[in-house]
Every structure is written in C-alpha cells, then in structure tokens.
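Okay, so here's the structure we're looking at.
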Amino acid sequence: MKTIFSDKQLGHRDHHELYNGELVPGFETHARSDFILSSIQRAGLGQVVEPEVHDLETARQIHALDYLEFLSKAWDMWERDGRSGTALPYAWPSRGLRGRVRPTSLDGLLGYYSFDASTGFVRGTWEAIKASHDTVLTGADFVSASNLAAFALCRPPGHHAGPDFAGGYCFINNAAVAAQRFRNSGAERVTVLDIDYHHGNGTQEIFYERADVQVVNLHADPSYEYPFYIGAAEEKGAGPGLGFNLNYPMPAGTEWSAWSQTLAHALKEVRSFSPDRLVVSLGVDTFEGDPISRFKLRKEHFHQAGALIAQLGLPTLFVMEGGYAVEDVGENVLAVLQGFENA
C-alpha cells in the first residue's frame, strides 16, 4: 500500500493547547508521524512518496473562501502584532452571536473561525496544513487512477474542521477534500467512514444536506465526550441528505466485542449505499492506552478492523486522524493497514 507524506507536515510543532485548565504541549504532536512512518517502513508495507503540489480548488468547494484565506494568514498577523508562542483564541461567538459581524481584530478572528482552544497556529502551521491537504489529494488521485488503496498520512488531521471553522487539531478537512475530489473525478457516490474515537463533526456538517456523500461515524457518545454538541444517533442528515448521515455513539469503556458489532452494522449500511469510493477517517485513539480517550481496543483489534473494512471490496483511501498514545500509534495504524491488505 502506498503511503503519502511530506516532511513539511512536521512544521506544525511545539504548539500548546488549553487542557484541564492549563496550557500544555499539544497532544497532536509531530512525533506521531515519526512513529507511524517508522512502523510502515520497518514492516515494508509499501512505498512512501511525497505529495504533488495542488491548488486549493477542491478545498474551496467545501470550505468558505474567507476561512481558507484566514488560515493562510493567521500566523503572519500574529507575528506582526509582536506576539510569540501559540496563536490561540480566548473568545468565541456563542448562541445568538455567530455570524452577525465578522471581526477585524486578530483575537476576534481566531475565535470567529474556531470552536475550541486546542487548534492554534505557530510559524510552520500553514505550510503543514497545505502539505497535509496536498497529501490527501495525491492519495485520492492515486486511488482514482489505480482502483487500489492508499494511506494519506495527514498531519494536521482534519475531521473536526467544518466549512468555516477549525477545532480539535484540525484546520482543513482532509477526508472531506478527498470525498469531494472523488466526486469531481467521476465517482457518483462516496462514503466517508470515520472510526476515530471522537465524532467527525466537521465532516458531518460539510455533507449534512448532500445525498452523494454518505458519512458514517463510530465514536464516543457526545453526551460525555468531545466535541460534545454534535454526533447524536438522531442526526441523520437534512433535505436531500436525509438518511445519508449515520452516527453510532458508544459509551465510555466500549470494548472490541461491542465496537466490532457496531462496525459490522455500519458496514452493512455502507454496502446498501453502494459507493464507488471509500474514505476512511482513520483514528486509532480508540486504543486502550490512549491518554485522552476511553475505549478499550487493542492492537490485534485494529488488524481485525482493517480486515472487516476490506470486505467491502472498494477502492479505499485511508486518511490519518487521531491517536495520541504516541509510542503505540505507529503499530496501531500499521495493524489497520496490514489487516486491510492481507484480508
């Protein structure tokens, strides 16, 4: 299986986030990519290639133009203000406020275009965002041309990013970009299967009123887990998209037996949709040792999950999302990909 990755994605580093009342080093660290690459290369999974450089045309189809422009300029604005550290918001438009007035100040814009204080900017952030975007497009184009599978080692990740907001370490929604690229390349129907511990709220919002992209999320119940305000089973899409958004929230402590049964049910829904292409938002933060998650999957379970997904028989693009047990993340990702390859 081909892996796509750029060293430019490592430039988003040494950033901080607000967690448990403190500013702490970001859990989404560049070391995650190092461990994943090391595992893939040690196992001889396949070729690791640099992404081609792409314009933002596909991203503009799913993200607001002003939002993308802000992402590209945020750090420069921060630096021009004479600031250092991590550019983070401290105020957000709440109910009744969002969208009435677009601020002109940087602090106002940071809150206007985000929903949490985990997704900050440092000097290398935009270059990493753009390289992650290029990585997923290169992967999508390879899958379309070959009808094979590929792994887009995206960093920063993407599934929490919505049409005009960042959050959950995510800036551009890479999985959504891939799905849109597949549609542009002739796929009539695309499924995004999100198996990250956290609900892919951004992907849901982007496609919520569309019937051409099915979004299926297996995740921790938002009644107790981030992103809290979205991801209930009752959220099934709207308008033309009604019935094409499927959420499977699960309780804290979920083990493989229950998680795998949920996956099997979700895969039946995917088969019923009959997509031409599959995008897997691959989070391995369902791992029992993950520091910010509360599911109980083990390494052998990730291998089995990959094998179950392979049974769909679809050209598939795996897109990296979460997984924060840094020293285990590489082996867990590898297990999914090998399970898929060897099924």
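If you're wondering about the labels, chains in the structure tokens are A, B, ... by order shown, residues count from 1 in each chain, ligands from 1 in order shown.
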
From a backbone DSSP assignment, name each residue in segment 128-312 of chain A labelled strand (DSSP E or B), as a PyMOL selection string. chain A and resi 150-152+162+165-167+170+190-194+213-220+245-250+277-282+287+297

Convert the current residue selection to file output with N, CA and C atoms, as a CSV table (one decimal), in the first residue's frame.
```csv
chain,number,residue,atom,x,y,z
A,150,ALA,N,-4.7,3.4,-0.7
A,150,ALA,CA,-3.6,4.2,-0.3
A,150,ALA,C,-3.8,4.8,1.1
A,151,PHE,N,-2.7,5.2,1.7
A,151,PHE,CA,-2.8,5.8,3.0
A,151,PHE,C,-2.2,7.2,2.9
A,152,ALA,N,-3.1,8.2,3.2
A,152,ALA,CA,-2.7,9.6,3.3
A,152,ALA,C,-2.3,9.9,4.7
A,162,GLY,N,-14.8,22.3,10.1
A,162,GLY,CA,-16.1,22.4,9.3
A,162,GLY,C,-15.9,23.4,8.2
A,165,PHE,N,-14.7,26.7,10.1
A,165,PHE,CA,-14.1,26.7,11.4
A,165,PHE,C,-13.1,25.6,11.6
A,166,ALA,N,-12.1,25.9,12.5
A,166,ALA,CA,-11.1,24.9,12.9
A,166,ALA,C,-11.5,24.4,14.3
A,167,GLY,N,-10.9,23.3,14.7
A,167,GLY,CA,-11.1,22.7,16.0
A,167,GLY,C,-10.5,21.3,16.1
A,170,CYS,N,-7.7,20.4,14.0
A,170,CYS,CA,-8.0,20.2,12.5
A,170,CYS,C,-8.2,21.6,11.9
A,190,VAL,N,-19.8,8.5,-2.7
A,190,VAL,CA,-18.7,8.3,-1.9
A,190,VAL,C,-19.1,8.1,-0.5
A,191,THR,N,-18.5,7.2,0.3
A,191,THR,CA,-18.7,7.1,1.7
A,191,THR,C,-17.5,7.5,2.5
A,192,VAL,N,-17.7,8.3,3.5
A,192,VAL,CA,-16.7,8.6,4.5
A,192,VAL,C,-17.0,7.8,5.7
A,193,LEU,N,-16.2,6.9,6.1
A,193,LEU,CA,-16.3,6.0,7.3
A,193,LEU,C,-15.3,6.5,8.3
A,194,ASP,N,-15.8,7.1,9.4
A,194,ASP,CA,-15.0,7.7,10.4
A,194,ASP,C,-14.9,6.8,11.6
A,213,VAL,N,-22.7,12.0,-0.8
A,213,VAL,CA,-21.6,11.6,0.1
A,213,VAL,C,-22.2,11.1,1.4
A,214,GLN,N,-22.1,9.8,1.7
A,214,GLN,CA,-22.6,9.2,2.9
A,214,GLN,C,-21.5,9.4,4.0
A,215,VAL,N,-21.9,9.8,5.2
A,215,VAL,CA,-21.0,10.0,6.3
A,215,VAL,C,-21.4,9.1,7.4
A,216,VAL,N,-20.5,8.2,7.8
A,216,VAL,CA,-20.8,7.2,8.8
A,216,VAL,C,-19.8,7.4,10.0
A,217,ASN,N,-20.2,7.7,11.2
A,217,ASN,CA,-19.3,7.9,12.3
A,217,ASN,C,-19.5,6.9,13.4
A,218,LEU,N,-18.4,6.2,13.8
A,218,LEU,CA,-18.4,5.4,15.0
A,218,LEU,C,-17.6,6.2,16.1
A,219,HIS,N,-18.2,6.5,17.2
A,219,HIS,CA,-17.5,7.4,18.1
A,219,HIS,C,-18.0,7.4,19.5
A,220,ALA,N,-17.3,8.0,20.4
A,220,ALA,CA,-17.7,8.2,21.8
A,220,ALA,C,-19.0,9.1,21.8
A,245,ASN,N,-26.5,10.5,6.7
A,245,ASN,CA,-25.6,10.7,7.8
A,245,ASN,C,-26.0,9.7,8.9
A,246,LEU,N,-25.0,8.9,9.3
A,246,LEU,CA,-25.3,7.9,10.3
A,246,LEU,C,-24.3,8.0,11.4
A,247,ASN,N,-24.8,8.1,12.6
A,247,ASN,CA,-24.0,8.2,13.8
A,247,ASN,C,-24.2,7.0,14.7
A,248,TYR,N,-23.1,6.5,15.3
A,248,TYR,CA,-23.1,5.4,16.2
A,248,TYR,C,-22.3,5.7,17.5
A,249,PRO,N,-23.0,6.5,18.3
A,249,PRO,CA,-22.3,6.9,19.6
A,249,PRO,C,-22.3,5.7,20.6
A,250,MET,N,-21.1,5.6,21.3
A,250,MET,CA,-20.9,4.4,22.2
A,250,MET,C,-20.5,4.9,23.5
A,277,ARG,N,-16.3,4.8,-4.1
A,277,ARG,CA,-15.0,5.0,-3.4
A,277,ARG,C,-15.3,5.1,-1.9
A,278,LEU,N,-14.3,4.7,-1.1
A,278,LEU,CA,-14.4,4.8,0.3
A,278,LEU,C,-13.3,5.6,0.9
A,279,VAL,N,-13.6,6.6,1.7
A,279,VAL,CA,-12.6,7.3,2.5
A,279,VAL,C,-12.8,6.9,4.0
A,280,VAL,N,-11.7,6.4,4.6
A,280,VAL,CA,-11.7,6.0,6.0
A,280,VAL,C,-10.9,7.1,6.8
A,281,SER,N,-11.7,7.8,7.6
A,281,SER,CA,-11.0,8.7,8.6
A,281,SER,C,-10.5,7.8,9.7
A,282,LEU,N,-9.2,7.6,9.6
A,282,LEU,CA,-8.5,6.6,10.5
A,282,LEU,C,-8.0,7.2,11.8
A,287,PHE,N,-7.8,3.1,21.1
A,287,PHE,CA,-6.8,2.3,21.8
A,287,PHE,C,-6.9,2.4,23.3
A,297,LEU,N,-9.9,-0.8,22.8
A,297,LEU,CA,-9.4,-1.6,21.7
A,297,LEU,C,-7.9,-1.9,21.9
```

Which residues of segment 160-263 of chain A sit at most 12 Å from segment 95-117 of chain A, using only C-alpha atoms? Give each one's shortest atom pair and distance in Å (one decimal place), in chain and ascending residue order, as a Markdown table.
```
| residue | atom | partner | partner_atom | distance |
| --- | --- | --- | --- | --- |
| A:His160 | CA | A:Phe115 | CA | 9.7 |
| A:Ala161 | CA | A:Ser114 | CA | 8.5 |
| A:Gly162 | CA | A:Ser114 | CA | 9.1 |
| A:Pro163 | CA | A:Tyr113 | CA | 9.7 |
| A:Asp164 | CA | A:Tyr113 | CA | 6.1 |
| A:Phe165 | CA | A:Tyr113 | CA | 4.4 |
| A:Ala166 | CA | A:Ser114 | CA | 4.5 |
| A:Gly167 | CA | A:Phe115 | CA | 5.6 |
| A:Gly168 | CA | A:Asp116 | CA | 7.1 |
| A:Tyr169 | CA | A:Ala117 | CA | 9.2 |
| A:Cys170 | CA | A:Ser114 | CA | 9.7 |
| A:Phe171 | CA | A:Ser114 | CA | 9.0 |
| A:Ile172 | CA | A:Ser114 | CA | 11.8 |
| A:Asn201 | CA | A:Phe115 | CA | 11.3 |
| A:Gly202 | CA | A:Phe115 | CA | 11.0 |
| A:Tyr226 | CA | A:Asp116 | CA | 10.3 |
| A:Pro227 | CA | A:Asp116 | CA | 9.3 |
| A:Phe228 | CA | A:Phe115 | CA | 11.4 |
| A:Tyr229 | CA | A:Phe115 | CA | 11.0 |
```

Next, the residues of the selection above should be written as a tab-separated table (two decimals), in the first residue's frame with N, CA and C atoms.
```
chain	number	residue	atom	x	y	z
A	160	HIS	N	-12.48	17.33	12.33
A	160	HIS	CA	-13.23	18.28	13.15
A	160	HIS	C	-13.41	19.64	12.46
A	161	ALA	N	-12.70	19.88	11.38
A	161	ALA	CA	-12.79	21.16	10.68
A	161	ALA	C	-14.06	21.22	9.85
A	162	GLY	N	-14.85	22.28	10.05
A	162	GLY	CA	-16.09	22.45	9.32
A	162	GLY	C	-15.94	23.40	8.16
A	163	PRO	N	-17.04	23.81	7.57
A	163	PRO	CA	-16.96	24.68	6.39
A	163	PRO	C	-16.19	25.98	6.64
A	164	ASP	N	-16.32	26.52	7.87
A	164	ASP	CA	-15.66	27.80	8.16
A	164	ASP	C	-15.12	27.86	9.58
A	165	PHE	N	-14.68	26.73	10.10
A	165	PHE	CA	-14.11	26.75	11.44
A	165	PHE	C	-13.11	25.61	11.63
A	166	ALA	N	-12.12	25.90	12.49
A	166	ALA	CA	-11.12	24.93	12.92
A	166	ALA	C	-11.48	24.41	14.30
A	167	GLY	N	-10.88	23.29	14.68
A	167	GLY	CA	-11.09	22.74	16.00
A	167	GLY	C	-10.54	21.34	16.09
A	168	GLY	N	-10.30	20.87	17.31
A	168	GLY	CA	-9.85	19.50	17.50
A	168	GLY	C	-8.59	19.17	16.75
A	169	TYR	N	-7.66	20.13	16.68
A	169	TYR	CA	-6.37	19.99	15.99
A	169	TYR	C	-6.50	20.05	14.48
A	170	CYS	N	-7.69	20.36	13.97
A	170	CYS	CA	-7.99	20.25	12.53
A	170	CYS	C	-8.22	21.62	11.92
A	171	PHE	N	-7.75	21.83	10.69
A	171	PHE	CA	-7.85	23.11	10.00
A	171	PHE	C	-8.58	22.96	8.66
A	172	ILE	N	-8.02	22.18	7.74
A	172	ILE	CA	-8.71	21.78	6.51
A	172	ILE	C	-9.19	20.35	6.70
A	201	ASN	N	-17.29	15.81	13.52
A	201	ASN	CA	-18.34	16.83	13.41
A	201	ASN	C	-18.21	17.67	12.16
A	202	GLY	N	-16.97	17.98	11.76
A	202	GLY	CA	-16.78	18.81	10.57
A	202	GLY	C	-17.24	18.11	9.31
A	226	TYR	N	-15.88	15.00	23.89
A	226	TYR	CA	-15.63	15.96	22.82
A	226	TYR	C	-16.05	15.36	21.47
A	227	PRO	N	-16.70	16.12	20.61
A	227	PRO	CA	-16.96	17.56	20.64
A	227	PRO	C	-18.27	17.98	21.30
A	228	PHE	N	-18.90	17.08	22.06
A	228	PHE	CA	-19.99	17.38	22.99
A	228	PHE	C	-21.33	17.76	22.37
A	229	TYR	N	-21.35	18.63	21.40
A	229	TYR	CA	-22.61	19.25	20.98
A	229	TYR	C	-23.16	18.68	19.68
```

Nearest to Tyr90 of chain A: which of A:Leu68, A:Leu137, A:Met77, A:Leu18 is it, counting only C-alpha atoms?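 Under the stated criterion, the closest residue is A:Leu18.
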
Select, from A:Leu312, A:Leu37, A:Ala31, A:Ala238, the residue with the minimum atom-to-atom distance to Glu269 of chain A, counting only C-alpha atoms.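 Closest to Glu269 of chain A, using only C-alpha atoms: A:Leu312.
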
From A:Arg271, A:His133, A:His159, A:Arg123, residue lying nearest Pro51 of chain A [only C-alpha atoms]: A:His133

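Coordinates place atom CA of Ile206 of chain A at a distance of 18.4 Å from atom CA of Met320 of chain A.
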
Which residue out of A:Asp14, A:Leu308, A:Glu188, A:Lys299 has the minimum interatomic distance to Gln261 of chain A when only C-alpha atoms are used?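 Closest residue, counting only C-alpha atoms: A:Leu308.
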
Using DSSP assignments from the backbone, pull out every residue in segment 152-285 of chain A that falls under alpha helix (DSSP H) and give it to me as a count of residues only. 36
